[in-house]
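query18.txt follows; it contains compact mmCIF, C-alpha atoms.
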```txt
# COMPACT_ATOMS: atom_id res chain seq x y z
CA MET C 230 -150.56 140.69 -49.10
CA SER C 231 -148.94 143.82 -50.41
CA TYR C 232 -145.35 143.98 -51.59
CA GLU C 233 -143.17 147.05 -51.89
CA ASN C 234 -139.48 148.09 -52.10
CA PRO C 235 -138.41 151.13 -50.10
CA GLU C 236 -135.90 153.60 -51.47
CA VAL C 237 -132.35 152.31 -51.11
CA PRO C 238 -130.81 153.94 -48.03
CA HIS C 239 -127.34 155.29 -48.74
CA ASP C 240 -125.90 155.77 -45.28
CA VAL C 241 -126.66 152.33 -43.85
CA ASN C 242 -124.03 150.29 -45.61
CA VAL C 243 -121.45 153.00 -46.15
CA ALA C 244 -120.07 154.43 -42.93
CA PRO C 245 -120.07 158.23 -43.00
CA GLY C 246 -116.85 160.19 -42.57
CA ASN C 247 -114.03 161.66 -44.60
CA HIS C 248 -111.65 159.08 -46.00
CA LEU C 249 -108.88 161.62 -46.40
CA ILE C 250 -108.89 162.60 -42.74
CA GLU C 251 -108.90 158.95 -41.74
CA PHE C 252 -106.00 158.29 -44.10
CA LEU C 253 -103.97 161.19 -42.73
CA ARG C 254 -104.55 160.08 -39.15
CA LEU C 255 -103.52 156.52 -39.96
CA ALA C 256 -100.44 157.67 -41.87
CA ALA C 257 -99.40 159.95 -39.00
CA ALA C 258 -99.83 157.12 -36.51
CA LEU C 259 -97.75 154.80 -38.67
CA VAL C 260 -94.96 157.32 -39.17
CA LEU C 261 -94.90 157.98 -35.43
CA LEU C 262 -94.70 154.27 -34.63
CA VAL C 263 -91.96 153.63 -37.17
CA LEU C 264 -89.93 156.58 -35.92
CA LEU C 265 -90.37 155.42 -32.34
CA ALA C 266 -89.31 151.89 -33.24
CA ALA C 267 -86.39 153.30 -35.23
CA ALA C 268 -85.25 155.44 -32.31
CA VAL C 269 -85.50 152.56 -29.83
CA LEU C 270 -83.71 150.15 -32.17
CA TYR C 271 -81.01 152.66 -33.06
CA LEU C 272 -80.26 153.43 -29.43
CA ALA C 273 -80.44 149.80 -28.36
CA GLY C 274 -78.28 148.64 -31.27
CA GLY C 275 -75.82 151.44 -30.60
CA GLN C 276 -75.55 150.60 -26.91
CA LEU C 277 -75.14 146.88 -27.60
CA ALA C 278 -72.40 147.55 -30.15
CA ARG C 279 -70.34 149.25 -27.44
CA PHE C 280 -70.01 145.86 -25.74
CA ILE C 281 -68.06 144.50 -28.71
CA PRO C 282 -64.44 144.34 -27.45
CA PHE C 283 -62.17 146.82 -29.17
CA ALA C 284 -59.79 143.96 -30.06
CA THR C 285 -62.63 142.32 -32.01
CA GLU C 286 -63.42 145.57 -33.78
CA GLN C 287 -59.76 145.92 -34.69
CA ARG C 288 -59.58 142.33 -35.93
CA TRP C 289 -62.56 142.97 -38.23
CA VAL C 290 -61.17 146.15 -39.65
CA GLY C 291 -57.43 145.51 -39.61
CA ASP C 292 -55.42 148.12 -41.46
CA ARG C 293 -58.32 149.19 -43.64
CA VAL C 294 -59.79 152.61 -43.08
CA ILE C 295 -63.51 152.22 -43.62
CA GLY C 296 -65.15 154.88 -45.73
CA VAL C 297 -62.13 156.49 -47.42
CA LYS C 298 -59.39 155.60 -49.84
CA ILE C 299 -55.96 156.37 -48.42
CA GLU C 300 -53.38 157.23 -51.04
CA ARG C 301 -49.83 156.61 -49.94
CA ASN C 302 -47.82 159.64 -50.89
CA ASP C 303 -44.07 159.81 -50.18
CA SER C 304 -44.10 163.53 -49.49
CA ASP C 305 -46.59 162.96 -46.68
CA VAL C 306 -44.35 160.64 -44.70
CA ARG C 307 -43.04 163.42 -42.48
CA LEU C 308 -46.49 164.88 -42.02
CA ASN C 309 -47.86 161.48 -41.11
CA GLN C 310 -45.07 160.90 -38.62
CA TYR C 311 -45.74 164.28 -37.04
CA LEU C 312 -49.48 163.65 -36.79
CA GLN C 313 -48.91 160.19 -35.35
CA GLN C 314 -46.55 161.69 -32.79
CA VAL C 315 -49.16 164.28 -31.72
CA THR C 316 -51.78 161.54 -31.63
CA ASP C 317 -49.63 159.23 -29.52
CA SER C 318 -48.82 161.98 -27.02
CA LEU C 319 -52.53 162.77 -26.68
CA SER C 320 -53.46 159.06 -26.42
CA LEU C 321 -51.06 158.84 -23.51
CA VAL C 322 -52.77 161.58 -21.50
CA MET C 323 -56.27 160.40 -22.43
CA HIS C 324 -55.81 157.06 -20.63
CA LEU C 325 -57.04 154.85 -23.44
CA PRO C 326 -57.91 151.25 -22.51
CA ASP C 327 -55.16 148.65 -22.95
CA GLY C 328 -54.61 147.64 -26.56
CA MET C 329 -56.42 150.66 -28.02
CA ARG C 330 -53.98 152.17 -30.49
CA ILE C 331 -55.03 155.13 -32.56
CA ARG C 332 -53.68 155.50 -36.10
CA VAL C 333 -54.02 158.76 -37.96
CA HIS C 334 -54.29 159.28 -41.73
CA VAL C 335 -54.36 162.27 -44.05
CA ILE C 336 -56.46 162.40 -47.19
CA SER C 337 -56.51 165.07 -49.83
CA MET C 338 -60.03 166.38 -49.94
CA LYS C 339 -61.30 169.85 -50.68
CA THR C 340 -63.33 170.18 -47.47
CA PRO C 341 -61.94 170.77 -44.00
CA ASN C 342 -63.04 167.68 -42.11
CA ALA C 343 -61.90 165.12 -39.58
CA PHE C 344 -63.51 161.95 -38.38
CA ALA C 345 -62.95 158.78 -36.42
CA THR C 346 -63.85 155.48 -37.97
CA LEU C 347 -63.88 151.79 -37.05
CA GLY C 348 -60.77 150.08 -35.71
CA GLY C 349 -59.20 153.16 -34.09
CA HIS C 350 -58.46 155.01 -37.31
CA ILE C 351 -58.64 158.79 -37.44
CA VAL C 352 -58.80 160.64 -40.74
CA LEU C 353 -57.93 164.30 -41.32
CA THR C 354 -58.29 166.12 -44.59
CA ARG C 355 -55.32 168.00 -45.90
CA GLU C 356 -57.55 171.07 -46.17
CA LEU C 357 -58.24 171.02 -42.43
CA PHE C 358 -54.57 170.55 -41.56
CA ASP C 359 -53.65 173.54 -43.71
CA LEU C 360 -56.21 175.67 -41.86
CA MET C 361 -54.75 174.91 -38.42
CA PRO C 362 -53.01 177.94 -36.86
CA SER C 363 -51.13 176.04 -34.14
CA GLU C 364 -50.38 172.57 -32.83
CA ASN C 365 -52.80 173.26 -29.99
CA ALA C 366 -55.66 173.68 -32.47
CA LEU C 367 -54.62 170.51 -34.29
CA ALA C 368 -54.42 168.66 -30.97
CA MET C 369 -57.97 169.79 -30.19
CA VAL C 370 -59.21 168.17 -33.41
CA ILE C 371 -57.23 164.97 -32.90
CA ALA C 372 -58.15 164.67 -29.21
CA HIS C 373 -61.81 165.13 -30.12
CA GLU C 374 -61.60 162.20 -32.55
CA ILE C 375 -59.60 160.08 -30.10
CA ALA C 376 -62.38 160.67 -27.57
CA HIS C 377 -64.87 159.27 -30.10
CA VAL C 378 -62.81 156.10 -30.44
CA LYS C 379 -62.38 155.89 -26.66
CA HIS C 380 -66.16 156.06 -26.17
CA ARG C 381 -66.68 153.59 -29.05
CA ASP C 382 -68.87 156.04 -30.98
CA PRO C 383 -67.99 154.72 -34.48
CA ILE C 384 -68.97 151.11 -33.70
CA SER C 385 -72.03 152.38 -31.84
CA ALA C 386 -73.15 154.26 -34.95
CA LEU C 387 -72.58 151.11 -37.00
CA GLY C 388 -74.60 149.00 -34.54
CA GLY C 389 -77.44 151.52 -34.58
CA THR C 390 -77.52 151.70 -38.36
CA ALA C 391 -77.43 147.91 -38.63
CA SER C 392 -80.44 147.56 -36.28
CA LEU C 393 -82.29 150.15 -38.33
CA GLY C 394 -81.52 148.20 -41.49
CA LEU C 395 -83.04 145.16 -39.81
CA LEU C 396 -86.22 147.07 -38.95
CA LEU C 397 -86.54 148.39 -42.49
CA ALA C 398 -85.95 144.94 -43.95
CA VAL C 399 -88.68 143.54 -41.70
CA ILE C 400 -91.26 146.17 -42.65
CA GLY C 401 -90.37 145.66 -46.30
CA GLY C 402 -88.56 148.87 -47.03
CA ASP C 403 -85.55 149.02 -49.28
CA ALA C 404 -83.04 148.75 -46.47
CA SER C 405 -79.97 149.58 -48.50
CA SER C 406 -81.30 152.92 -49.69
CA LEU C 407 -83.41 153.89 -46.68
CA ALA C 408 -81.34 152.83 -43.66
CA PRO C 409 -78.61 155.48 -43.93
CA GLN C 410 -81.21 158.22 -44.32
CA VAL C 411 -83.33 157.10 -41.39
CA ALA C 412 -80.14 156.59 -39.41
CA MET C 413 -79.13 160.18 -40.13
CA LEU C 414 -82.50 161.37 -38.88
CA VAL C 415 -82.37 159.46 -35.61
CA GLN C 416 -78.64 159.94 -35.11
CA ARG C 417 -78.77 163.72 -34.94
CA GLY C 418 -80.09 164.45 -31.47
CA TYR C 419 -78.18 161.54 -30.00
CA THR C 420 -74.84 162.33 -31.63
CA ARG C 421 -74.88 165.86 -30.27
CA GLU C 422 -74.38 164.39 -26.81
CA ALA C 423 -71.45 162.30 -28.07
CA GLU C 424 -69.92 165.42 -29.68
CA ARG C 425 -70.24 167.42 -26.51
CA ARG C 426 -68.61 164.63 -24.53
CA ALA C 427 -65.79 164.38 -27.07
CA ASP C 428 -65.25 168.16 -26.81
CA LEU C 429 -64.99 168.01 -23.04
CA ASP C 430 -62.57 165.06 -23.20
CA ALA C 431 -60.48 166.90 -25.76
CA ILE C 432 -60.27 169.98 -23.54
CA ALA C 433 -59.11 167.79 -20.64
CA ALA C 434 -56.50 166.17 -22.89
CA LEU C 435 -55.20 169.55 -24.03
CA GLN C 436 -54.91 170.71 -20.45
CA ALA C 437 -53.02 167.56 -19.55
CA ARG C 438 -50.71 167.74 -22.57
CA TYR C 439 -50.00 171.48 -22.83
CA GLY C 440 -51.06 172.70 -19.39
CA HIS C 441 -53.87 174.87 -20.82
CA ALA C 442 -56.70 174.73 -23.37
CA GLY C 443 -55.63 177.86 -25.23
CA GLY C 444 -55.81 177.94 -29.00
CA ALA C 445 -58.50 175.26 -29.15
CA ALA C 446 -61.34 177.70 -29.85
CA ALA C 447 -59.51 178.75 -33.02
CA VAL C 448 -60.59 175.48 -34.69
CA PHE C 449 -64.24 176.33 -34.48
CA GLU C 450 -63.72 180.00 -35.21
CA LEU C 451 -62.09 178.93 -38.48
CA LEU C 452 -64.78 176.37 -39.22
CA ALA C 453 -67.47 178.90 -38.41
CA ALA C 454 -65.90 181.21 -40.97
CA THR C 455 -65.92 178.46 -43.62
CA HIS C 456 -69.54 177.65 -42.78
CA ALA C 457 -70.45 181.31 -43.15
CA ASP C 458 -68.71 181.36 -46.54
CA GLU C 459 -70.76 178.38 -47.67
CA HIS C 460 -73.97 180.02 -46.39
CA VAL C 461 -75.12 176.86 -44.70
CA GLY C 462 -77.21 177.81 -41.73
CA VAL C 463 -78.03 174.53 -40.01
CA PRO C 464 -80.68 174.94 -37.30
CA THR C 465 -79.43 174.03 -33.83
CA LEU C 466 -81.85 171.17 -33.34
CA LEU C 467 -81.06 169.48 -36.65
CA SER C 468 -77.33 169.85 -36.54
CA THR C 469 -75.20 166.83 -35.66
CA HIS C 470 -72.61 168.91 -33.92
CA PRO C 471 -73.27 171.58 -31.32
CA THR C 472 -73.32 174.95 -33.02
CA ASP C 473 -70.00 176.65 -33.59
CA ALA C 474 -70.95 179.54 -31.30
CA GLU C 475 -71.83 177.11 -28.52
CA ARG C 476 -68.54 175.26 -28.84
CA ILE C 477 -66.45 178.41 -29.12
CA GLY C 478 -68.13 179.58 -25.93
CA ILE C 479 -67.27 176.35 -24.10
CA LEU C 480 -63.66 176.32 -25.37
CA LYS C 481 -63.09 179.99 -24.54
CA GLY C 482 -64.47 179.29 -21.08
CA ALA C 483 -62.00 176.41 -20.67
CA ALA C 484 -59.10 178.67 -21.72
CA ARG C 485 -60.18 181.58 -19.48
CA ASP C 486 -57.06 181.48 -17.31
CA TRP C 487 -54.66 181.00 -20.17
CA ARG C 488 -52.27 183.88 -21.01
CA ALA C 489 -50.32 183.68 -24.27
CA GLU C 490 -47.31 185.42 -22.63
CA ASN C 491 -46.94 182.69 -20.01
CA ALA C 492 -47.68 179.67 -22.19
CA PRO C 493 -47.27 180.39 -25.88
CA LEU C 494 -48.99 178.20 -28.45
CA VAL C 495 -46.88 175.45 -29.98
CA PRO C 496 -46.17 176.18 -33.63
CA LEU C 497 -47.52 173.72 -36.13
CA GLY C 498 -45.38 171.60 -38.33
CA PRO C 499 -43.49 168.42 -38.93
CA MET W 102 -83.05 162.71 -52.73
CA GLU W 103 -84.09 159.36 -54.12
CA LEU W 104 -86.35 158.94 -51.10
CA LEU W 105 -87.97 162.32 -51.73
CA PHE W 106 -88.50 161.35 -55.36
CA GLN W 107 -90.21 158.11 -54.36
CA LEU W 108 -92.36 159.88 -51.78
CA GLY W 109 -93.29 162.46 -54.40
CA ILE W 110 -94.45 159.81 -56.84
CA ILE W 111 -96.48 158.04 -54.17
CA SER W 112 -98.08 161.34 -53.08
CA LEU W 113 -98.95 162.14 -56.68
CA LEU W 114 -100.55 158.72 -57.18
CA LEU W 115 -102.44 159.13 -53.91
CA LEU W 116 -103.67 162.55 -55.00
CA ILE W 117 -104.81 161.20 -58.36
CA GLY W 118 -106.52 158.24 -56.71
CA TRP W 119 -108.22 160.40 -54.12
CA SER W 120 -109.44 163.15 -56.45
CA ILE W 121 -110.37 161.18 -59.58
CA GLY W 122 -111.39 158.02 -57.71
CA GLY W 123 -113.52 160.11 -55.36
CA ALA W 124 -115.17 162.00 -58.22
CA THR W 125 -115.90 158.72 -60.04
CA GLU W 126 -117.47 157.28 -56.93
CA ARG W 127 -119.68 160.31 -56.31
CA ARG W 128 -120.82 160.26 -59.96
CA HIS W 129 -121.61 156.55 -59.69
CA PHE W 130 -123.70 157.08 -56.56
CA ARG W 131 -125.65 159.93 -58.25
CA SER W 132 -126.29 157.71 -61.25
CA LEU W 133 -127.40 154.85 -58.96
CA VAL W 134 -129.92 157.09 -57.15
CA LYS W 135 -131.36 158.19 -60.48
CA ARG W 136 -131.65 154.72 -62.01
CA GLU W 137 -132.97 153.21 -58.77
CA ALA W 138 -135.78 155.78 -58.89
CA GLN W 139 -136.54 154.90 -62.52
CA LEU W 140 -136.70 151.17 -61.75
CA ARG W 141 -138.57 151.39 -58.46
CA ASP W 142 -141.74 149.90 -59.96
CA ILE W 143 -139.89 146.61 -60.46
CA LEU W 144 -140.08 144.91 -57.08
CA VAL W 145 -137.35 142.54 -55.89
CA PHE W 146 -137.55 140.03 -53.04
CA ASN W 147 -135.55 137.17 -51.73
CA GLU W 148 -138.77 135.25 -50.92
CA ARG W 149 -138.66 131.86 -52.63
CA ARG W 150 -142.35 131.53 -53.54
CA PRO W 151 -144.17 134.03 -55.69
CA PRO W 152 -147.29 135.57 -54.10
CA GLN W 153 -150.23 133.17 -54.39
CA ASP W 154 -152.88 135.89 -54.72
CA GLN W 155 -151.47 137.30 -57.98
CA ALA W 156 -151.48 135.69 -61.37
CA PHE W 157 -148.26 135.49 -63.39
CA GLY W 158 -147.96 134.30 -66.94
CA GLN W 159 -144.25 133.74 -67.37
CA ALA W 160 -141.11 133.33 -65.27
CA ALA W 161 -137.52 133.86 -66.43
CA LEU W 162 -134.08 133.97 -64.86
CA VAL W 163 -132.64 137.49 -64.83
CA MET W 164 -129.17 138.46 -63.79
CA GLY W 165 -127.15 141.60 -63.25
CA SER W 166 -123.41 141.61 -62.78
CA VAL W 167 -120.74 144.25 -62.38
CA VAL W 168 -117.03 144.42 -61.63
CA ILE W 169 -115.81 147.31 -59.53
CA GLY W 170 -112.20 148.16 -58.90
CA GLU W 171 -110.49 150.21 -56.22
CA ASP W 172 -108.33 153.27 -56.70
CA TYR W 173 -104.75 153.80 -55.50
CA PHE W 174 -105.82 155.97 -52.59
CA LYS W 175 -108.32 153.37 -51.34
CA ARG W 176 -105.78 150.58 -51.54
CA PHE W 177 -103.15 152.61 -49.71
CA ALA W 178 -105.61 153.73 -47.03
CA ALA W 179 -106.94 150.19 -46.62
CA THR W 180 -103.42 148.82 -46.24
CA LEU W 181 -102.81 151.36 -43.49
CA ARG W 182 -106.14 150.54 -41.88
CA SER W 183 -105.41 146.82 -41.90
CA LEU W 184 -102.28 147.48 -39.83
CA PHE W 185 -104.38 148.86 -37.00
CA GLY W 186 -107.66 147.03 -37.59
CA GLY W 187 -111.21 148.36 -37.70
CA THR W 188 -113.82 148.81 -40.40
CA LEU W 189 -112.42 149.27 -43.88
CA ARG W 190 -114.69 152.18 -44.71
CA MET W 191 -112.90 152.92 -47.96
CA TYR W 192 -113.98 149.52 -49.29
CA GLU W 193 -117.51 149.71 -47.87
CA SER W 194 -118.45 152.26 -50.48
CA VAL W 195 -116.96 150.06 -53.24
CA MET W 196 -118.95 147.04 -52.05
CA ASP W 197 -122.15 149.08 -51.70
CA ARG W 198 -121.77 150.46 -55.22
CA GLY W 199 -121.25 146.93 -56.56
CA ARG W 200 -124.32 145.47 -54.90
CA ARG W 201 -126.59 148.35 -55.88
CA GLU W 202 -125.31 148.38 -59.45
CA ALA W 203 -125.89 144.61 -59.76
CA ILE W 204 -129.50 145.02 -58.53
CA VAL W 205 -130.09 147.92 -60.92
CA ARG W 206 -128.76 145.89 -63.86
CA MET W 207 -130.87 142.90 -62.87
CA LYS W 208 -133.93 145.14 -62.68
CA ALA W 209 -133.09 146.55 -66.11
CA ALA W 210 -132.94 142.97 -67.45
CA ALA W 211 -136.31 142.24 -65.84
CA ARG W 212 -137.84 145.34 -67.42
CA ARG W 213 -136.62 144.19 -70.82
CA GLN W 214 -138.57 140.94 -70.23
CA GLY W 215 -141.64 142.94 -69.32
CA ALA W 216 -141.56 141.60 -65.76
CA THR W 217 -142.85 143.54 -62.74
CA MET W 218 -141.34 141.47 -59.94
CA VAL W 219 -138.17 139.46 -59.30
CA PHE W 220 -138.36 136.72 -56.71
CA ASN W 221 -135.81 134.55 -54.99
CA VAL W 222 -133.10 137.16 -55.53
CA ARG W 223 -129.59 135.95 -54.60
CA PHE W 224 -126.28 137.74 -54.34
CA GLU W 225 -122.84 136.51 -55.06
CA THR W 226 -119.58 138.36 -54.61
CA SER W 227 -116.18 137.19 -55.64
CA SER W 228 -112.81 138.86 -55.60
CA LEU W 229 -111.15 138.60 -58.99
CA SER W 230 -107.65 139.00 -57.63
CA ALA W 231 -108.10 136.31 -54.96
CA ASP W 232 -107.96 133.62 -57.65
CA ALA W 233 -104.63 134.74 -58.99
CA GLY W 234 -102.79 132.48 -56.54
CA GLN W 235 -100.45 135.19 -55.46
CA ARG W 236 -101.44 138.52 -54.02
CA SER W 237 -102.39 140.66 -56.94
CA SER W 238 -101.72 144.33 -56.90
CA VAL W 239 -105.23 145.13 -58.13
CA PHE W 240 -108.28 144.61 -56.01
CA SER W 241 -111.52 144.17 -57.91
CA ALA W 242 -114.71 142.38 -57.05
CA GLU W 243 -117.51 140.99 -59.14
CA PHE W 244 -121.07 141.30 -57.87
CA ILE W 245 -123.84 139.15 -59.31
CA ALA W 246 -127.50 139.46 -58.45
CA TYR W 247 -129.91 136.96 -59.98
CA GLY W 248 -133.52 135.98 -59.46
CA THR W 249 -136.73 134.79 -61.06
CA ALA W 250 -138.48 137.54 -63.00
CA LEU W 251 -142.27 137.24 -63.05
CA LYS W 252 -144.33 138.67 -65.87
CA PRO W 253 -147.99 139.42 -65.06
CA ARG W 254 -150.60 137.53 -67.05
```
Would you write out, as structure tokens, the structure that this file holds?
Amino acid sequence: MSYENPEVPHDVNVAPGNHLIEFLRLAAALVLLVLLAAAVLYLAGGQLARFIPFATEQRWVGDRVIGVKIERNDSDVRLNQYLQQVTDSLSLVMHLPDGMRIRVHVISMKTPNAFATLGGHIVLTRELFDLMPSENALAMVIAHEIAHVKHRDPISALGGTASLGLLLAVIGGDASSLAPQVAMLVQRGYTREAERRADLDAIAALQARYGHAGGAAAVFELLAATHADEHVGVPTLLSTHPTDAERIGILKGAARDWRAENAPLVPLGP
Amino acid sequence: MELLFQLGIISLLLLIGWSIGGATERRHFRSLVKREAQLRDILVFNERRPPQDQAFGQAALVMGSVVIGEDYFKRFAATLRSLFGGTLRMYESVMDRGRREAIVRMKAAARRQGATMVFNVRFETSSLSADAGQRSSVFSAEFIAYGTALKPR
């Protein structure tokens, strides 16, 4: 009997193929799946959060304004009263659900900004207020934020972010550092719809309150100018808000029939 | 920002693992081919009985063992692969290297004895990290090949 050992074959026990390509394909598939799951969870969590009664939301939050520190300043009392008065008059024409009361706050911050947060609180920066050319422009900003509260957008964002945190915790990510960033990513396309809706509601409110939507476009013309100064060109698809040009177009369209001679803008001021 | 930083570090580790780990593996395979050719005259079989028609003067136990570790890229890619299932090709090459290296070392031991054949060759593989009780971050496996070396009379 004769014995022999053949040469060791290399390609029998090691499957051929590029590991790098396989890795990239797997990584892409994983990223896609996670993003898909994140989007589904964010939207589902956001929609579910809208079912939380506003009274419950208000009970959770109380008088606190989530996200900012309000400094009580005596010199702002008149300004606050004035803003609250504008807010209340707009709330009236916007047909808010029973028990939904909007409270407005001013903070001193160096960027022109306004936002709605949990519990029916609206926050304006002093910088933005100082930029406003007329009460109509101010009312546009406030009505836009009231519309967010009316449509429960703040609690919806919270619900979406919380569901995302859950997903990240399950897959072992560092939820506290990752969730807000993933939330931002998913939020963008979705929030644009909410912004557009809030714009349309605000225009309707202005028409109901002042009889026309004139002066509203000025808000975004001013903001567009500040954006241009800062040289921040945010691509349309990535931007949370519809582009300034888009909004100015919509607002100018809404104020097409308005003539300043017949219905002058209301001057700003407490 | 922090996320980008973390991703950057992971990408860097992956790149190091892929490039250096890959180069190490290719060099190991080249070395294996060379040494396998040098030791081809030592025949190995898993047959339990030595051939009856040949005369042998001496028998001795010979053994070859090696521990091979993974690289960062392989571990990462295998983790991804185990999410979806399928053959873990990145580890197949590690296992193949281990088995072939163990055989080569056993043959080298047999040559030192002056043997020409090794019979009743057996393989054993064990994962070093599996014994750690908890999941270790390092995968490494030990390969042992042993058999009865036969020296001609």
Inset, instruction - Kindly determine which residues of chain W lie within 10 Å of chain C, considering only C-alpha atoms, and give the answer as a PyMOL selection string. - result: chain W and resi 102-104+119+123+130+133-134+137-138+141-146+152-155+174-175+177-182+184-185+188-198+201+218
Inset, instruction - Using all atoms listed in the file, give me every residue within 12 Å of (-54.0, 177.3, -27.5) in file coordinates, as a count of residues only. - result: 40
Inset, instruction - Can you work out the spacing between CA of Arg307 (chain C) and CA of Val335 (chain C) in Å, to one decimal? - result: 11.5 Å
Inset, instruction - In Å, rounded to a single decimal, give me how far CA of Val294 (chain C) is from CA of Lys379 (chain C). - result: 16.9 Å
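For Gly122 (chain W), the list of residues within 10 Å, based on only C-alpha atoms and with local chain neighbours fewer than 6 positions off taken out, reads Leu115, Leu116, Arg128, Gly170, Glu171, Asp172, Tyr173, Phe174 and Lys175 of chain W.
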Inset, instruction - Counting only C-alpha atoms, figure out which residue out of C:Asn342, C:Ala376, C:Asp428, C:His350 gets nearest to His324 (chain C). - result: C:Ala376
Inset, instruction - Write out as a ChimeraX atom specification each polymer residue whose atoms come within 10 Å of Val315 (chain C), counting all atoms listed in the file; drop sequence neighbours fewer than 2 positions from it. - result: /C:309-313,317-320,333,364-365,367-368,371-372,438
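Taking CA of Thr354 (chain C) and CA of Asp382 (chain C) as endpoints, the distance between them is 20.0 Å.
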